[in-house]
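J.: This is the content of upload_16.txt (compact mmCIF, C-alpha atoms):
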```txt
# COMPACT_ATOMS: atom_id res chain seq x y z
CA SER A 1 -12.23 17.82 22.11
CA LYS A 2 -10.87 14.28 22.48
CA ALA A 3 -13.11 12.84 19.73
CA PRO A 4 -10.39 12.60 17.01
CA ALA A 5 -8.01 10.86 19.41
CA LYS A 6 -10.70 8.37 20.49
CA ARG A 7 -11.02 7.20 16.89
CA LEU A 8 -7.32 6.31 16.81
CA VAL A 9 -6.86 4.41 20.07
CA PHE A 10 -7.09 1.12 18.17
CA LEU A 11 -3.59 1.85 16.82
CA ILE A 12 -2.01 2.09 20.27
CA LYS A 13 -0.19 -0.78 21.96
CA ASP A 14 -1.67 -2.44 25.08
CA CYS A 15 -2.02 -0.12 28.06
CA SER A 16 -4.82 1.40 30.11
CA ASP A 17 -7.67 3.16 28.29
CA ARG A 18 -6.63 6.55 29.66
CA GLU A 19 -3.04 6.04 28.64
CA LYS A 20 -4.16 4.95 25.17
CA LEU A 21 -6.15 8.17 24.82
CA ALA A 22 -3.19 10.26 26.01
CA ARG A 23 -0.88 8.54 23.54
CA ALA A 24 -3.40 8.98 20.72
CA GLU A 25 -3.61 12.73 21.44
CA LYS A 26 0.18 12.93 21.37
CA MET A 27 0.19 11.00 18.09
CA LEU A 28 -2.21 13.50 16.52
CA ALA A 29 0.00 16.42 17.56
CA ALA A 30 3.02 14.70 15.98
CA LEU A 31 1.00 13.97 12.83
CA PHE A 32 0.19 17.66 12.43
CA LYS A 33 3.88 18.55 12.71
CA ALA A 34 4.96 15.82 10.29
CA LEU A 35 2.43 17.05 7.71
CA TYR A 36 3.57 20.64 8.21
CA PHE A 37 7.20 19.73 7.53
CA ILE A 38 6.25 17.69 4.46
CA PHE A 39 4.44 20.78 3.18
CA SER A 40 7.32 23.09 4.14
CA VAL A 41 10.02 21.01 2.45
CA SER A 42 7.93 20.50 -0.69
CA TRP A 43 7.25 24.23 -0.90
CA ALA A 44 10.90 25.08 -0.29
CA TYR A 45 12.03 22.84 -3.15
CA THR A 46 9.59 24.46 -5.57
CA ILE A 47 11.11 27.84 -4.64
CA PHE A 48 14.82 27.10 -4.14
CA LYS A 49 15.69 23.90 -6.02
CA GLU A 50 17.26 25.90 -8.86
CA ALA A 51 18.75 28.58 -6.58
CA GLU A 52 22.50 29.10 -6.95
CA PHE A 53 23.14 28.73 -3.19
CA VAL A 54 21.47 25.34 -2.52
CA GLY A 55 24.01 22.60 -3.19
CA PRO A 56 23.47 19.05 -4.46
CA GLU A 57 24.00 17.81 -0.89
CA LEU A 58 20.42 18.98 -0.27
CA GLY A 59 19.10 18.18 -3.71
CA GLY A 60 19.75 21.61 -5.22
CA SER A 61 21.51 22.53 -8.45
CA GLY A 62 23.78 25.26 -7.06
CA SER A 63 26.60 25.37 -4.52
CA PHE A 64 26.78 26.39 -0.87
CA GLN A 65 29.87 28.40 -1.79
CA ASN A 66 27.49 30.88 -3.43
CA ILE A 67 25.62 31.69 -0.21
CA TRP A 68 27.33 35.08 0.04
CA SER A 69 27.69 35.71 -3.69
CA ASN A 70 26.91 39.39 -4.50
CA PHE A 71 26.09 40.16 -0.85
CA PRO A 72 24.35 42.42 0.18
CA TYR A 73 22.71 42.95 -3.22
CA TYR A 74 21.92 39.36 -4.05
CA GLY A 75 18.37 38.56 -5.05
CA TYR A 76 16.12 35.70 -4.04
CA PRO A 77 12.89 34.23 -5.42
CA GLU A 78 9.72 36.27 -4.97
CA ALA A 79 8.07 33.71 -2.68
CA THR A 80 10.99 33.82 -0.21
CA LYS A 81 9.40 36.41 2.09
CA THR A 82 6.16 34.44 2.34
CA TYR A 83 8.11 31.24 3.02
CA TYR A 84 10.02 33.04 5.76
CA MET A 85 6.87 34.43 7.38
CA VAL A 86 5.17 31.02 7.41
CA SER A 87 8.28 29.36 8.88
CA PHE A 88 8.63 32.03 11.55
CA ALA A 89 4.92 31.79 12.42
CA TYR A 90 5.17 28.02 12.87
CA HIS A 91 8.23 28.18 15.14
CA LEU A 92 6.82 31.10 17.13
CA GLN A 93 3.59 29.21 17.83
CA SER A 94 5.70 26.18 18.81
CA LEU A 95 7.53 28.36 21.34
CA ILE A 96 4.28 29.80 22.73
CA PHE A 97 2.66 26.37 23.00
CA HIS A 98 5.76 24.93 24.63
CA VAL A 99 5.89 27.63 27.32
CA PHE A 100 2.22 28.31 28.05
CA ILE A 101 0.01 25.47 26.83
CA ILE A 102 1.48 21.95 26.70
CA GLU A 103 2.37 20.07 29.87
CA THR A 104 5.95 20.31 31.13
CA ARG A 105 7.98 17.29 30.01
CA ASN A 106 11.42 15.86 30.67
CA ASP A 107 12.93 17.77 27.74
CA PHE A 108 11.39 21.15 28.59
CA MET A 109 14.63 23.17 28.86
CA GLU A 110 16.25 21.64 25.77
CA MET A 111 13.20 22.32 23.63
CA LEU A 112 12.80 25.81 25.09
CA LEU A 113 16.38 26.58 24.04
CA HIS A 114 15.78 25.05 20.61
CA HIS A 115 12.57 27.03 19.93
CA THR A 116 14.10 30.28 21.21
CA VAL A 117 17.28 29.97 19.15
CA THR A 118 15.31 28.99 16.04
CA CYS A 119 12.94 31.97 16.29
CA PHE A 120 15.85 34.32 16.96
CA LEU A 121 17.84 33.00 14.00
CA ILE A 122 14.92 33.31 11.58
CA TYR A 123 14.25 36.88 12.70
CA LEU A 124 17.94 37.84 12.71
CA SER A 125 18.65 36.32 9.31
CA PHE A 126 15.76 38.18 7.72
CA MET A 127 16.47 41.56 9.33
CA LEU A 128 20.21 41.41 8.53
CA ASN A 129 19.71 40.01 5.02
CA TYR A 130 21.21 36.58 5.80
CA VAL A 131 18.27 35.10 3.91
CA ARG A 132 20.27 32.53 1.97
CA VAL A 133 21.83 31.17 5.14
CA GLY A 134 18.41 31.10 6.80
CA VAL A 135 16.85 29.15 3.93
CA CYS A 136 19.60 26.52 4.09
CA VAL A 137 19.24 26.19 7.88
CA LEU A 138 15.46 25.79 7.60
CA LEU A 139 15.74 23.23 4.82
CA VAL A 140 18.29 21.10 6.70
CA HIS A 141 16.10 21.00 9.80
CA ASP A 142 12.75 20.58 8.07
CA ILE A 143 13.90 17.53 6.10
CA SER A 144 14.95 15.64 9.22
CA ASP A 145 11.91 16.86 11.17
CA ILE A 146 9.65 14.96 8.76
CA PHE A 147 11.20 11.70 9.93
CA ILE A 148 11.45 12.74 13.58
CA TYR A 149 7.74 13.52 13.87
CA ALA A 150 6.70 10.60 11.69
CA GLY A 151 8.62 8.47 14.20
CA LYS A 152 6.69 10.09 17.04
CA VAL A 153 3.48 9.15 15.22
CA ILE A 154 4.32 5.44 15.11
CA VAL A 155 6.29 5.08 18.36
CA ASP A 156 3.22 3.86 20.29
CA TRP A 157 1.68 1.68 17.55
CA LYS A 158 1.02 -1.94 18.43
CA TRP A 159 2.78 -3.14 15.27
CA ASN A 160 6.54 -3.62 15.49
CA ILE A 161 7.71 -1.26 12.74
CA GLN A 162 9.54 1.18 15.00
CA LEU A 163 13.05 -0.27 14.65
CA PRO A 164 13.33 -0.12 10.83
CA PHE A 165 11.93 3.41 10.87
CA TYR A 166 14.34 4.33 13.66
CA VAL A 167 17.29 3.28 11.48
CA VAL A 168 16.02 5.42 8.57
CA CYS A 169 15.38 8.37 10.89
CA MET A 170 18.89 8.18 12.38
CA ALA A 171 20.45 8.00 8.92
CA VAL A 172 18.56 11.09 7.73
CA MET A 173 19.31 13.01 10.93
CA GLY A 174 22.98 12.08 10.78
CA TYR A 175 23.30 13.15 7.16
CA THR A 176 21.38 16.44 7.35
CA ARG A 177 22.15 17.67 10.87
CA LEU A 178 25.62 16.25 11.54
CA TYR A 179 27.10 16.33 8.05
CA VAL A 180 25.44 18.88 5.75
CA TYR A 181 24.67 21.39 8.51
CA PRO A 182 28.16 21.77 10.04
CA PHE A 183 30.33 21.05 6.99
CA TYR A 184 28.39 23.05 4.42
CA VAL A 185 25.81 25.39 5.97
CA ILE A 186 27.89 26.57 8.95
CA ALA A 187 31.20 26.31 7.09
CA TYR A 188 30.13 28.47 4.15
CA GLY A 189 27.31 30.39 5.81
CA ALA A 190 29.19 31.47 8.96
CA PHE A 191 32.95 30.84 8.99
CA ASP A 192 33.50 31.67 5.31
CA SER A 193 31.23 34.73 5.27
CA GLU A 194 33.70 37.62 5.62
CA SER A 195 36.35 36.07 3.38
CA ALA A 196 33.70 35.50 0.69
CA THR A 197 32.38 39.07 0.86
CA ASN A 198 35.61 40.93 1.75
CA THR A 199 33.66 43.00 4.24
CA VAL A 200 32.66 43.01 7.90
CA ILE A 201 29.19 41.47 8.30
CA LEU A 202 26.97 42.97 10.98
CA GLY A 203 25.91 40.45 13.64
CA LYS A 204 28.05 37.68 12.17
CA ASP A 205 29.56 36.55 15.49
CA LEU A 206 26.17 36.37 17.22
CA ALA A 207 24.62 34.45 14.33
CA THR A 208 27.57 32.03 14.29
CA ALA A 209 27.18 31.41 18.02
CA MET A 210 23.47 30.64 17.55
CA LEU A 211 24.18 28.27 14.67
CA CYS A 212 26.80 26.43 16.73
CA MET A 213 24.39 26.20 19.66
CA LEU A 214 21.92 24.39 17.42
CA LEU A 215 24.72 22.04 16.35
CA PHE A 216 25.50 21.19 19.99
CA LEU A 217 21.81 20.41 20.53
CA HIS A 218 21.89 18.14 17.47
CA ILE A 219 24.87 16.22 18.83
CA TYR A 220 23.21 15.87 22.24
CA TRP A 221 19.91 14.60 20.82
CA TYR A 222 21.60 12.28 18.34
CA GLY A 223 23.66 10.70 21.11
CA LEU A 224 20.56 10.33 23.26
CA LEU A 225 18.66 8.65 20.41
CA LEU A 226 21.60 6.31 19.78
CA TYR A 227 21.50 5.32 23.45
CA ILE A 228 17.78 4.62 23.26
CA GLY A 229 18.25 2.49 20.14
CA ALA A 230 21.07 0.53 21.74
CA THR A 231 18.96 -0.04 24.86
CA LYS A 232 16.14 -1.46 22.75
CA LEU A 233 18.40 -3.56 20.53
CA PHE A 234 20.85 -5.05 23.03
CA LYS A 235 18.90 -5.06 26.30
CA GLY A 236 15.45 -5.79 24.89
CA LYS A 237 13.86 -2.94 26.80
CA GLN A 238 11.07 -0.84 25.35
CA ALA A 239 12.53 2.42 24.15
CA GLU A 240 10.50 5.37 25.38
CA ASP A 241 10.00 8.44 23.29
CA VAL A 242 12.84 10.70 24.39
CA PHE A 243 10.81 13.79 23.58
CA GLY A 244 8.10 13.18 26.15
CA LYS A 245 7.03 10.13 28.06
CA ILE A 246 3.32 9.77 28.76
CA GLU A 247 2.63 9.73 32.47
CA VAL A 248 -0.73 8.74 33.94
CA ASP A 249 -1.57 9.14 37.60
CA GLU A 250 -2.26 5.61 38.89
CA LYS A 251 -4.64 6.99 41.51
CA GLU A 252 -7.02 7.96 38.71
CA LEU A 253 -7.03 4.49 37.13
CA THR A 254 -9.69 1.86 37.64
CA GLN A 255 -8.60 -1.59 38.81
CA LYS A 256 -8.97 -2.95 35.28
CA GLU A 257 -6.89 -0.13 33.82
CA LEU A 258 -4.22 -0.58 36.49
CA VAL A 259 -3.92 -4.31 35.71
CA ALA A 260 -3.60 -3.52 31.99
CA LYS A 261 -0.90 -0.96 32.73
CA ARG A 262 1.07 -3.43 34.85
CA LYS A 263 0.89 -6.09 32.11
CA ALA A 264 2.10 -3.59 29.49
CA GLU A 265 5.04 -2.59 31.68
CA GLN A 266 6.11 -6.22 32.08
CA LYS A 267 6.32 -6.79 28.30
```
Could you quickly redo this structure as structure tokens?
T.:
Amino acid sequence: SKAPAKRLVFLIKDCSDREKLARAEKMLAALFKALYFIFSVSWAYTIFKEAEFVGPELGGSGSFQNIWSNFPYYGYPEATKTYYMVSFAYHLQSLIFHVFIIETRNDFMEMLLHHTVTCFLIYLSFMLNYVRVGVCVLLVHDISDIFIYAGKVIVDWKWNIQLPFYVVCMAVMGYTRLYVYPFYVIAYGAFDSESATNTVILGKDLATAMLCMLLFLHIYWYGLLLYIGATKLFKGKQAEDVFGKIEVDEKELTQKELVAKRKAEQK
């Protein structure tokens, strides 16, 4: 049903009625994801804030150096398994929707790789008892995903608040995904694993490769978002949402809608 989206078209910047509806539907999908990640991060902090392996870099009271402490007999909070199942269920449905339900977009292959690696890492970390590493990886990504999807909610609004939010979003992404993730989570969770445990860890090389693959995706997306911001700031062009531009077939538009679309493109 398109009824919920129709109630929100008043938020969308000037364009044809059909394009407004398409953008409103996209905004609702992003809103659902932003709310999910707010819930996920809030829940994670109630479970792991006092855990010995979550460092102050992510708001915890422990240290990332303790990720492998007492492995493989370390314990974790009782709610950890439920948190893992919910996180895996969300990312698995994202993969299924991406492949079979939503329309193919310009970032299809990148997001397919992202969803596949994420699902594989969650499953692998649970089955091989890398739960502490998995929790840190999920927390790093979920925090920045709040701002990413909140940005996707407001990207098509008619009010000019996108640029300040873009700056905040880039700062959060840079800190969590390009600083904490490589220098703490990967450093202590992957490269320091065998020296910390004095034993050979099953599947360690494969898990490390997957973690590094996610890091390369982070660098690629961050550079792309920097380019979009620079284009908007220095060239005055409207920055499109890099994660999926709305396309409307002009043959299906009425003359009035086509004129509105042309005027919007000229702004």
J.: Between CA of Arg105 (chain A) and CA of Leu35 (chain A), measure the distance and give it in Å to one decimal.
T.: 23.0 Å
J.: What is the CA of His218 (chain A)-CA of Phe147 (chain A) distance in Å, reported with one decimal?
T.: 14.6 Å
J.: Residues proximal to (20.9, 41.1, 5.3) were defined as those with any atom within 9 Å of that point in the file's coordinates, counting all atoms listed in the file. Which are they, as a list in words?
T.: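 Within the cut-off we find Phe71, Pro72, Tyr73, Leu124, Ser125, Phe126, Met127, Leu128, Asn129, Tyr130, Val131, Ile201 and Leu202 of chain A.
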J.: What is the CA of Asn160 (chain A) to CA of Thr231 (chain A) distance in Å?
T.: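 The value is 16.0 Å.
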J.: Using all atoms listed in the file, list the residues that have an atom at most 12 Å from (30.2, 33.3, 15.7), coordinates as in the file, as an MDAnalysis selection string.
T.: chainID A and resid 186:187 189:194 201:213
J.: Selection from above, C-alpha atoms, as a compact mmCIF listing (two decimals), in the coordinates of the input, can you write it?
T.:
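Writing done, so here's again31.txt:
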```
# COMPACT_ATOMS: atom_id res chain seq x y z
CA ILE A 186 27.89 26.57 8.95
CA ALA A 187 31.20 26.31 7.09
CA GLY A 189 27.31 30.39 5.81
CA ALA A 190 29.19 31.47 8.96
CA PHE A 191 32.95 30.84 8.99
CA ASP A 192 33.50 31.67 5.31
CA SER A 193 31.23 34.73 5.27
CA GLU A 194 33.70 37.62 5.62
CA ILE A 201 29.19 41.47 8.30
CA LEU A 202 26.97 42.97 10.98
CA GLY A 203 25.91 40.45 13.64
CA LYS A 204 28.05 37.68 12.17
CA ASP A 205 29.56 36.55 15.49
CA LEU A 206 26.17 36.37 17.22
CA ALA A 207 24.62 34.45 14.33
CA THR A 208 27.57 32.03 14.29
CA ALA A 209 27.18 31.41 18.02
CA MET A 210 23.47 30.64 17.55
CA LEU A 211 24.18 28.27 14.67
CA CYS A 212 26.80 26.43 16.73
CA MET A 213 24.39 26.20 19.66
```
J.: Hey, which bits of region 133-215 of chain A sit within 10 Å of region 42-49 of chain A, and for each residue what's the closest pair of atoms and how far apart in Å (one decimal), counting only C-alpha atoms, rows by chain and increasing number, as a tab-separated table?
T.:
```
residue	atom	partner	partner_atom	distance
A:Val135	CA	A:Ala44	CA	8.4
A:Cys136	CA	A:Phe48	CA	9.5
A:Leu138	CA	A:Ala44	CA	9.1
A:Leu139	CA	A:Ala44	CA	7.3
A:Asp142	CA	A:Ala44	CA	9.7
A:Ile143	CA	A:Ser42	CA	9.5
```
J.: For Glu52 (chain A), please output as a list in words all residues within 8 Å (counting only C-alpha atoms; exclusion window: fewer than 3 positions along the same chain).
T.: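 Counting only the stated atoms, we get Gly55, Ser61, Gly62, Ser63, Phe64, Asn66 and Ile67 of chain A.
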